[in-house]
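All remarks here apply to the structure that follows.
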Amino acid sequence: MGYIEAVVLAVIQGLTEFLPVSSSGHLVLAQHWFGHFSETNLLYDIMLHLATVTAILVYFRHDLLTLGLGYVGWTTRQGSLFQGYERRTIHYVLLASVPTAIIGLGIRSIGLETLVRPSVVAIMLLTTGVILWLGRGRNSVRGIQDMSIRDAVVIGIVQGVAVFPGISRSGSTIASGVLLGLDRELSARFSLLISIPAIVGATILEIGKGIDQMHEPIGVYVVGMVVAALVGYGSISLIIKLVRQDHFHLFSYYLWPLGISILLWDTLK
């Protein structure tokens with residue numbers, strides 16, 4: 001893998017990890033359509049995921065500082081979405097991570113081989129489009145003070161189901177929060193916060209397998225991580241903006257034609 005391929009893969013990872021279009025679904029399609037171009041080693045994939053986690057940590061550094069200080073009882077800055085409810089937020093993030101881990105590990109133990117097909121991915125992409133569309137125009141006003149244990153568990157379950165290729169993790173969890181009546185920005189920020197333990201946990205499970213696959217020069221990994229982190233940071237900013245403006249559902253107009261085209265291609269080939 002050369003630097004150009006590493007950069008292209010990093011850009012794809014940074015965009016699709018946070019935009020509601022399913023990074024796993026696009027990876028499956030790339031593997032079927034472009035062959036070797038998308039076949040990167042496991043270690044590089046792990047490094048890109050760590051880079052996207054870094055983007056989340058940097059983007060939400062003020063929220064994370066507020067949550068940390070508030071949890072131990074220290075005074076936090078005014079104006080934070082979670083100000084005054086830091087312990088509740090952290091507990092809900094941990095609570096949401098439980099069903100995510102149970103479902104994710106359960107599905108992975110069964111195996112996703114039968115689902116790694118363009119036709120299946122196409123159906124999942126169409127489903128994601130429907131989920132995003134259902135969340136449009138909702139006058140969601142419940143803040144963190146109104147969030148319940150049920151909300152956290154439901155969003156955690158949805159995140160676990162998003163392990164299926166073609167189901168967008170960010171899209172489905174954000175839309176679920178909105179459909180539950182949570183404030184739009186809270187839904188987006190909570191979705192991205194619970195992605196931290198999910199991505200880190202999945203990375204820990206895989207890192208043992210990938211550590212022996214460092215075949216490329218160290219510079220390839222460094223460049224890929226930097227690019228993925230920068231693109232991911234920009235993607236997070238875009239998501240927050242679109243959610244605030246109630247434009248998140250516009251990605252349905254990309255997912256539906258893509259899903260239909262894949263089904264037609266898979267049927268006629």
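Please note that chains go A, B, ... in the order of the structure tokens, that every chain numbers its residues from 1, and that ligands are numbered from 1 in the order shown.
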
All helix (DSSP H, G or I) residues (DSSP, backbone) inside segment 24-210 of chain A, as a ChimeraX atom specification: /A:24-38,42-59,61-71,86-110,113-115,118-134,149-161,169-179,184-210

Kindly give the distance, in Å, that separates atom CA of Ile102 of chain A and atom CA of Val161 of chain A, rounded to a single decimal.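 Computing the Euclidean distance for atom CA of Ile102 of chain A and atom CA of Val161 of chain A yields 10.2 Å.
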
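Contact shell of segment 80-94 of chain A at 6 Å (only C-alpha atoms; same-chain neighbours under 4 positions omitted): Leu67, Gly70, Tyr71, Ala152 and Ile194 of chain A.
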
With N, CA and C atoms kept, could you save the residues just selected as a CSV table (one decimal), in the first residue's frame?
chain,number,residue,atom,x,y,z
A,67,LEU,N,-17.6,17.2,31.7
A,67,LEU,CA,-18.1,15.9,32.3
A,67,LEU,C,-17.2,15.4,33.4
A,70,GLY,N,-17.2,17.8,36.4
A,70,GLY,CA,-18.5,17.7,37.1
A,70,GLY,C,-18.8,16.4,37.8
A,71,TYR,N,-18.2,15.4,37.3
A,71,TYR,CA,-18.4,14.0,37.9
A,71,TYR,C,-17.8,13.9,39.3
A,152,ALA,N,-31.4,5.9,27.0
A,152,ALA,CA,-30.0,5.4,26.9
A,152,ALA,C,-29.9,4.0,26.4
A,194,ILE,N,-21.1,8.1,22.9
A,194,ILE,CA,-21.2,6.7,23.1
A,194,ILE,C,-20.4,5.9,22.0

Could you give me, as an mmCIF file with N, CA, C and O atoms, in the first residue's frame, the residues within 12 Å of Glu17 of chain A, counting only C-alpha atoms and dropping anything in the same chain fewer than 3 positions from it?
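In the end it all went to result.cif:
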data_model
loop_
_atom_site.group_PDB
_atom_site.id
_atom_site.type_symbol
_atom_site.label_atom_id
_atom_site.label_comp_id
_atom_site.auth_asym_id
_atom_site.auth_seq_id
_atom_site.Cartn_x
_atom_site.Cartn_y
_atom_site.Cartn_z
ATOM 1 N N LEU A 9 -7.935 5.956 1.409
ATOM 2 C CA LEU A 9 -8.629 5.141 2.398
ATOM 3 C C LEU A 9 -8.882 5.926 3.684
ATOM 4 O O LEU A 9 -9.925 5.780 4.319
ATOM 5 N N ALA A 10 -7.938 6.773 4.063
ATOM 6 C CA ALA A 10 -8.093 7.583 5.268
ATOM 7 C C ALA A 10 -9.216 8.606 5.095
ATOM 8 O O ALA A 10 -9.990 8.855 6.022
ATOM 9 N N VAL A 11 -9.310 9.187 3.905
ATOM 10 C CA VAL A 11 -10.385 10.146 3.634
ATOM 11 C C VAL A 11 -11.742 9.453 3.696
ATOM 12 O O VAL A 11 -12.701 9.972 4.300
ATOM 13 N N ILE A 12 -11.824 8.281 3.089
ATOM 14 C CA ILE A 12 -13.084 7.520 3.120
ATOM 15 C C ILE A 12 -13.474 7.188 4.548
ATOM 16 O O ILE A 12 -14.635 7.327 4.952
ATOM 17 N N GLN A 13 -12.497 6.746 5.341
ATOM 18 C CA GLN A 13 -12.771 6.405 6.737
ATOM 19 C C GLN A 13 -13.225 7.626 7.520
ATOM 20 O O GLN A 13 -14.198 7.581 8.274
ATOM 21 N N GLY A 14 -12.528 8.743 7.362
ATOM 22 C CA GLY A 14 -12.871 9.959 8.094
ATOM 23 C C GLY A 14 -14.242 10.477 7.752
ATOM 24 O O GLY A 14 -14.957 11.008 8.621
ATOM 25 N N PRO A 20 -23.792 9.911 8.021
ATOM 26 C CA PRO A 20 -24.748 8.795 8.156
ATOM 27 C C PRO A 20 -24.905 7.969 6.892
ATOM 28 O O PRO A 20 -26.003 7.829 6.343
ATOM 29 N N VAL A 21 -23.782 7.418 6.393
ATOM 30 C CA VAL A 21 -23.833 6.644 5.155
ATOM 31 C C VAL A 21 -23.250 5.246 5.316
ATOM 32 O O VAL A 21 -23.195 4.485 4.354
ATOM 33 N N SER A 22 -22.786 4.893 6.506
ATOM 34 C CA SER A 22 -22.253 3.572 6.849
ATOM 35 C C SER A 22 -20.869 3.317 6.274
ATOM 36 O O SER A 22 -20.716 3.024 5.080
ATOM 37 N N SER A 23 -19.866 3.407 7.124
ATOM 38 C CA SER A 23 -18.493 3.138 6.698
ATOM 39 C C SER A 23 -18.311 1.659 6.361
ATOM 40 O O SER A 23 -17.644 1.315 5.387
ATOM 41 N N SER A 24 -18.926 0.772 7.158
ATOM 42 C CA SER A 24 -18.787 -0.666 6.894
ATOM 43 C C SER A 24 -19.448 -1.045 5.573
ATOM 44 O O SER A 24 -18.942 -1.882 4.829
ATOM 45 N N GLY A 25 -20.589 -0.424 5.277
ATOM 46 C CA GLY A 25 -21.271 -0.705 4.028
ATOM 47 C C GLY A 25 -20.445 -0.289 2.825
ATOM 48 O O GLY A 25 -20.337 -1.019 1.838
ATOM 49 N N HIS A 26 -19.834 0.890 2.907
ATOM 50 C CA HIS A 26 -19.002 1.362 1.800
ATOM 51 C C HIS A 26 -17.741 0.517 1.652
ATOM 52 O O HIS A 26 -17.242 0.322 0.539
ATOM 53 N N LEU A 27 -17.222 0.000 2.762
ATOM 54 C CA LEU A 27 -16.045 -0.871 2.690
ATOM 55 C C LEU A 27 -16.380 -2.159 1.952
ATOM 56 O O LEU A 27 -15.618 -2.629 1.117
ATOM 57 N N LEU A 48 -6.649 3.754 11.670
ATOM 58 C CA LEU A 48 -7.615 4.743 11.175
ATOM 59 C C LEU A 48 -8.757 4.931 12.179
ATOM 60 O O LEU A 48 -9.235 6.054 12.388
ATOM 61 N N HIS A 49 -9.185 3.846 12.796
ATOM 62 C CA HIS A 49 -10.243 3.962 13.803
ATOM 63 C C HIS A 49 -9.759 4.740 15.025
ATOM 64 O O HIS A 49 -10.506 5.542 15.603
ATOM 65 N N LEU A 50 -8.515 4.518 15.426
ATOM 66 C CA LEU A 50 -7.958 5.290 16.538
ATOM 67 C C LEU A 50 -7.879 6.773 16.174
ATOM 68 O O LEU A 50 -8.088 7.646 17.021
ATOM 69 N N ALA A 51 -7.606 7.056 14.910
ATOM 70 C CA ALA A 51 -7.542 8.448 14.455
ATOM 71 C C ALA A 51 -8.907 9.113 14.531
ATOM 72 O O ALA A 51 -9.021 10.280 14.921
ATOM 73 N N THR A 52 -9.966 8.371 14.170
ATOM 74 C CA THR A 52 -11.307 8.958 14.235
ATOM 75 C C THR A 52 -11.751 9.165 15.686
ATOM 76 O O THR A 52 -12.475 10.122 15.983
ATOM 77 N N VAL A 53 -11.320 8.274 16.579
ATOM 78 C CA VAL A 53 -11.600 8.488 18.005
ATOM 79 C C VAL A 53 -10.903 9.754 18.489
ATOM 80 O O VAL A 53 -11.464 10.540 19.263
ATOM 81 N N ALA A 55 -10.289 12.355 16.744
ATOM 82 C CA ALA A 55 -11.076 13.488 16.238
ATOM 83 C C ALA A 55 -12.237 13.799 17.179
ATOM 84 O O ALA A 55 -12.538 14.970 17.454
ATOM 85 N N ILE A 56 -12.895 12.747 17.686
ATOM 86 C CA ILE A 56 -14.010 12.953 18.625
ATOM 87 C C ILE A 56 -13.502 13.592 19.911
ATOM 88 O O ILE A 56 -14.099 14.537 20.438
ATOM 89 N N ALA A 162 -26.207 -1.539 14.640
ATOM 90 C CA ALA A 162 -25.495 -0.865 13.539
ATOM 91 C C ALA A 162 -24.210 -1.574 13.136
ATOM 92 O O ALA A 162 -23.524 -1.109 12.223
ATOM 93 N N GLY A 166 -24.003 -1.420 6.285
ATOM 94 C CA GLY A 166 -25.056 -0.691 5.585
ATOM 95 C C GLY A 166 -25.933 0.096 6.531
ATOM 96 O O GLY A 166 -26.608 1.041 6.115
ATOM 97 N N ILE A 167 -25.937 -0.275 7.814
ATOM 98 C CA ILE A 167 -26.662 0.503 8.823
ATOM 99 C C ILE A 167 -25.689 1.509 9.415
ATOM 100 O O ILE A 167 -24.676 1.134 9.997
ATOM 101 N N SER A 168 -25.970 2.783 9.250
ATOM 102 C CA SER A 168 -25.078 3.815 9.753
ATOM 103 C C SER A 168 -25.202 3.946 11.265
ATOM 104 O O SER A 168 -26.307 4.132 11.788
ATOM 105 N N ARG A 169 -24.076 3.832 11.960
ATOM 106 C CA ARG A 169 -24.104 3.966 13.414
ATOM 107 C C ARG A 169 -24.536 5.364 13.816
ATOM 108 O O ARG A 169 -25.445 5.542 14.615
ATOM 109 N N SER A 170 -23.871 6.381 13.268
ATOM 110 C CA SER A 170 -24.206 7.753 13.642
ATOM 111 C C SER A 170 -25.615 8.123 13.204
ATOM 112 O O SER A 170 -26.376 8.721 13.962
ATOM 113 N N GLY A 171 -25.986 7.737 11.972
ATOM 114 C CA GLY A 171 -27.310 8.088 11.470
ATOM 115 C C GLY A 171 -28.422 7.463 12.277
ATOM 116 O O GLY A 171 -29.400 8.137 12.652
ATOM 117 N N LEU A 192 -22.259 10.624 19.475
ATOM 118 C CA LEU A 192 -20.818 10.639 19.256
ATOM 119 C C LEU A 192 -20.053 10.272 20.532
ATOM 120 O O LEU A 192 -19.001 9.641 20.468
ATOM 121 N N SER A 195 -20.007 6.586 20.958
ATOM 122 C CA SER A 195 -19.183 5.910 19.950
ATOM 123 C C SER A 195 -17.755 5.713 20.449
ATOM 124 O O SER A 195 -17.037 4.831 19.949
ATOM 125 N N ILE A 196 -17.333 6.524 21.419
ATOM 126 C CA ILE A 196 -15.959 6.420 21.923
ATOM 127 C C ILE A 196 -15.699 5.044 22.538
ATOM 128 O O ILE A 196 -14.772 4.339 22.119
ATOM 129 N N ILE A 199 -15.964 2.236 19.701
ATOM 130 C CA ILE A 199 -14.838 2.132 18.773
ATOM 131 C C ILE A 199 -13.585 1.633 19.496
ATOM 132 O O ILE A 199 -12.856 0.780 18.986
ATOM 133 N N ALA A 228 -7.102 10.922 8.377
ATOM 134 C CA ALA A 228 -8.374 10.428 8.894
ATOM 135 C C ALA A 228 -8.874 11.299 10.048
ATOM 136 O O ALA A 228 -10.074 11.577 10.156
ATOM 137 N N ALA A 229 -7.956 11.734 10.917
ATOM 138 C CA ALA A 229 -8.338 12.575 12.059
ATOM 139 C C ALA A 229 -8.842 13.938 11.587
ATOM 140 O O ALA A 229 -9.866 14.438 12.080
ATOM 141 N N VAL A 231 -10.040 14.812 8.523
ATOM 142 C CA VAL A 231 -11.298 14.655 7.789
ATOM 143 C C VAL A 231 -12.432 14.308 8.753
ATOM 144 O O VAL A 231 -13.557 14.810 8.618
ATOM 145 N N GLY A 232 -12.138 13.463 9.732
ATOM 146 C CA GLY A 232 -13.142 13.099 10.720
ATOM 147 C C GLY A 232 -13.606 14.295 11.533
ATOM 148 O O GLY A 232 -14.800 14.455 11.805
ATOM 149 N N TYR A 233 -12.675 15.161 11.910
ATOM 150 C CA TYR A 233 -13.016 16.374 12.664
ATOM 151 C C TYR A 233 -13.967 17.243 11.840
ATOM 152 O O TYR A 233 -14.961 17.758 12.356
ATOM 153 N N GLY A 234 -13.648 17.404 10.552
ATOM 154 C CA GLY A 234 -14.520 18.185 9.688
ATOM 155 C C GLY A 234 -15.886 17.550 9.530
ATOM 156 O O GLY A 234 -16.909 18.258 9.476
ATOM 157 N N SER A 235 -15.932 16.225 9.472
ATOM 158 C CA SER A 235 -17.201 15.509 9.343
ATOM 159 C C SER A 235 -18.074 15.713 10.579
ATOM 160 O O SER A 235 -19.294 15.871 10.469
ATOM 161 N N ILE A 236 -17.463 15.693 11.750
ATOM 162 C CA ILE A 236 -18.215 15.923 12.981
ATOM 163 C C ILE A 236 -18.825 17.327 12.979
ATOM 164 O O ILE A 236 -20.001 17.512 13.323
ATOM 165 N N ILE A 239 -21.804 17.316 10.694
ATOM 166 C CA ILE A 239 -22.945 16.612 11.266
ATOM 167 C C ILE A 239 -23.689 17.491 12.267
ATOM 168 O O ILE A 239 -24.917 17.610 12.231
#

Spatial neighbours of segment 127-144 of chain A, max dist 7 Å, only C-alpha atoms, sep filter under 6 positions, as a short mmCIF file (atom, residue, chain, number, x, y, z; two decimals) with all heavy atoms, in the first residue's frame:
data_model
loop_
_atom_site.label_atom_id
_atom_site.label_comp_id
_atom_site.auth_asym_id
_atom_site.auth_seq_id
_atom_site.Cartn_x
_atom_site.Cartn_y
_atom_site.Cartn_z
N PHE A 82 -24.20 19.77 28.89
CA PHE A 82 -24.31 18.80 29.98
C PHE A 82 -24.09 19.43 31.36
O PHE A 82 -24.05 18.72 32.35
CB PHE A 82 -23.29 17.67 29.77
CG PHE A 82 -23.39 17.03 28.42
CD1 PHE A 82 -22.41 17.24 27.46
CD2 PHE A 82 -24.46 16.21 28.10
CE1 PHE A 82 -22.49 16.64 26.21
CE2 PHE A 82 -24.56 15.61 26.86
CZ PHE A 82 -23.57 15.83 25.91
N ILE A 167 -25.94 -0.27 7.81
CA ILE A 167 -26.66 0.50 8.82
C ILE A 167 -25.69 1.51 9.42
O ILE A 167 -24.68 1.13 10.00
CB ILE A 167 -27.22 -0.39 9.94
CG1 ILE A 167 -28.25 -1.38 9.40
CG2 ILE A 167 -27.83 0.46 11.05
CD1 ILE A 167 -29.51 -0.73 8.90
N SER A 168 -25.97 2.78 9.25
CA SER A 168 -25.08 3.82 9.75
C SER A 168 -25.20 3.95 11.26
O SER A 168 -26.31 4.13 11.79
CB SER A 168 -25.42 5.17 9.10
OG SER A 168 -24.79 6.23 9.79
N GLY A 171 -25.99 7.74 11.97
CA GLY A 171 -27.31 8.09 11.47
C GLY A 171 -28.42 7.46 12.28
O GLY A 171 -29.40 8.14 12.65
N SER A 172 -28.30 6.18 12.58
CA SER A 172 -29.37 5.47 13.30
C SER A 172 -29.48 5.92 14.75
O SER A 172 -30.59 6.05 15.28
CB SER A 172 -29.14 3.96 13.23
OG SER A 172 -27.88 3.60 13.75
N ALA A 175 -30.85 9.66 14.81
CA ALA A 175 -32.27 9.65 14.45
C ALA A 175 -33.11 9.03 15.57
O ALA A 175 -34.22 9.49 15.86
CB ALA A 175 -32.48 8.89 13.14
N VAL A 178 -33.68 11.56 18.27
CA VAL A 178 -34.68 12.54 17.84
C VAL A 178 -36.08 11.93 17.90
O VAL A 178 -37.04 12.58 18.35
CB VAL A 178 -34.37 13.04 16.41
CG1 VAL A 178 -35.49 13.93 15.89
CG2 VAL A 178 -33.05 13.81 16.40
N LEU A 179 -36.22 10.69 17.44
CA LEU A 179 -37.52 10.03 17.46
C LEU A 179 -38.00 9.78 18.89
O LEU A 179 -39.23 9.71 19.13
CB LEU A 179 -37.44 8.69 16.70
CG LEU A 179 -37.27 8.82 15.18
CD1 LEU A 179 -36.99 7.45 14.57
CD2 LEU A 179 -38.52 9.43 14.55
N GLY A 181 -37.67 11.93 21.10
CA GLY A 181 -38.06 13.25 21.59
C GLY A 181 -36.94 14.06 22.20
O GLY A 181 -37.19 15.11 22.77
N LEU A 182 -35.70 13.57 22.06
CA LEU A 182 -34.56 14.30 22.63
C LEU A 182 -34.19 15.47 21.73
O LEU A 182 -34.40 15.43 20.51
CB LEU A 182 -33.36 13.37 22.79
CG LEU A 182 -33.52 12.19 23.75
CD1 LEU A 182 -32.26 11.34 23.75
CD2 LEU A 182 -33.84 12.68 25.16
N ASP A 183 -33.64 16.50 22.34
CA ASP A 183 -33.15 17.66 21.59
C ASP A 183 -32.18 17.20 20.51
O ASP A 183 -31.39 16.28 20.71
CB ASP A 183 -32.45 18.62 22.56
CG ASP A 183 -31.78 19.77 21.84
OD1 ASP A 183 -32.48 20.69 21.42
OD2 ASP A 183 -30.53 19.72 21.70
N ARG A 184 -32.24 17.85 19.36
CA ARG A 184 -31.44 17.42 18.22
C ARG A 184 -29.95 17.41 18.52
O ARG A 184 -29.24 16.44 18.23
CB ARG A 184 -31.72 18.33 17.02
CG ARG A 184 -33.08 18.11 16.42
CD ARG A 184 -33.27 18.91 15.14
NE ARG A 184 -34.43 18.37 14.43
CZ ARG A 184 -34.40 17.31 13.66
NH1 ARG A 184 -33.27 16.66 13.48
NH2 ARG A 184 -35.49 16.86 13.06
N LEU A 186 -28.47 17.38 21.40
CA LEU A 186 -28.18 16.38 22.43
C LEU A 186 -28.08 15.00 21.80
O LEU A 186 -27.18 14.22 22.14
CB LEU A 186 -29.28 16.39 23.50
CG LEU A 186 -29.23 15.25 24.53
CD1 LEU A 186 -27.93 15.28 25.32
CD2 LEU A 186 -30.43 15.32 25.47
N ASP A 246 -31.81 20.77 10.99
CA ASP A 246 -32.79 19.78 10.58
C ASP A 246 -32.60 19.38 9.12
O ASP A 246 -33.56 19.20 8.37
CB ASP A 246 -34.22 20.29 10.80
CG ASP A 246 -35.27 19.18 10.63
OD1 ASP A 246 -34.88 18.00 10.71
OD2 ASP A 246 -36.45 19.50 10.41
N PHE A 248 -30.38 16.76 8.43
CA PHE A 248 -29.69 15.48 8.53
C PHE A 248 -30.31 14.45 7.57
O PHE A 248 -29.61 13.59 7.03
CB PHE A 248 -29.77 14.98 9.97
CG PHE A 248 -28.73 13.96 10.34
CD1 PHE A 248 -27.39 14.22 10.12
CD2 PHE A 248 -29.09 12.76 10.92
CE1 PHE A 248 -26.41 13.29 10.48
CE2 PHE A 248 -28.12 11.83 11.29
CZ PHE A 248 -26.79 12.10 11.06
N HIS A 249 -31.62 14.57 7.36
CA HIS A 249 -32.32 13.60 6.52
C HIS A 249 -31.95 13.71 5.04
O HIS A 249 -32.28 12.82 4.25
CB HIS A 249 -33.84 13.80 6.66
CG HIS A 249 -34.31 15.11 6.12
ND1 HIS A 249 -34.18 16.28 6.83
CD2 HIS A 249 -34.89 15.44 4.93
CE1 HIS A 249 -34.69 17.29 6.11
NE2 HIS A 249 -35.12 16.79 4.96
N SER A 252 -30.59 10.89 2.95
CA SER A 252 -31.47 9.86 2.38
C SER A 252 -31.44 9.93 0.87
O SER A 252 -31.56 8.90 0.19
CB SER A 252 -32.91 10.06 2.88
OG SER A 252 -32.99 9.93 4.29
N LEU A 255 -28.53 7.85 -0.06
CA LEU A 255 -28.61 6.43 0.28
C LEU A 255 -29.62 5.68 -0.57
O LEU A 255 -29.36 4.54 -0.99
CB LEU A 255 -28.97 6.29 1.77
CG LEU A 255 -27.91 6.79 2.76
CD1 LEU A 255 -28.50 6.85 4.16
CD2 LEU A 255 -26.69 5.89 2.73
N TRP A 256 -30.76 6.28 -0.86
CA TRP A 256 -31.79 5.58 -1.63
C TRP A 256 -31.37 5.28 -3.07
O TRP A 256 -31.47 4.14 -3.50
CB TRP A 256 -33.10 6.39 -1.60
CG TRP A 256 -33.78 6.34 -0.26
CD1 TRP A 256 -33.66 5.37 0.68
CD2 TRP A 256 -34.67 7.31 0.28
NE1 TRP A 256 -34.43 5.67 1.79
CE2 TRP A 256 -35.07 6.85 1.57
CE3 TRP A 256 -35.20 8.52 -0.18
CZ2 TRP A 256 -35.95 7.56 2.37
CZ3 TRP A 256 -36.08 9.23 0.62
CH2 TRP A 256 -36.45 8.75 1.88
#

Residues within 8 Å of Gly259 of chain A, please, as an MDAnalysis selection string. Count only C-alpha atoms; anything in the same chain fewer than 6 positions from it doesn't count. chainID A and resid 121:123 125:126

By how many Å are atom CA of Gly160 of chain A and atom CA of Thr54 of chain A apart?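 Value for the atom CA of Gly160 of chain A-atom CA of Thr54 of chain A distance: 21.3 Å.
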
Using only C-alpha atoms, the best pick from A:Ile107, A:Ile204, A:Ile4, A:Leu263 as closest to Val220 of chain A would be A:Ile4
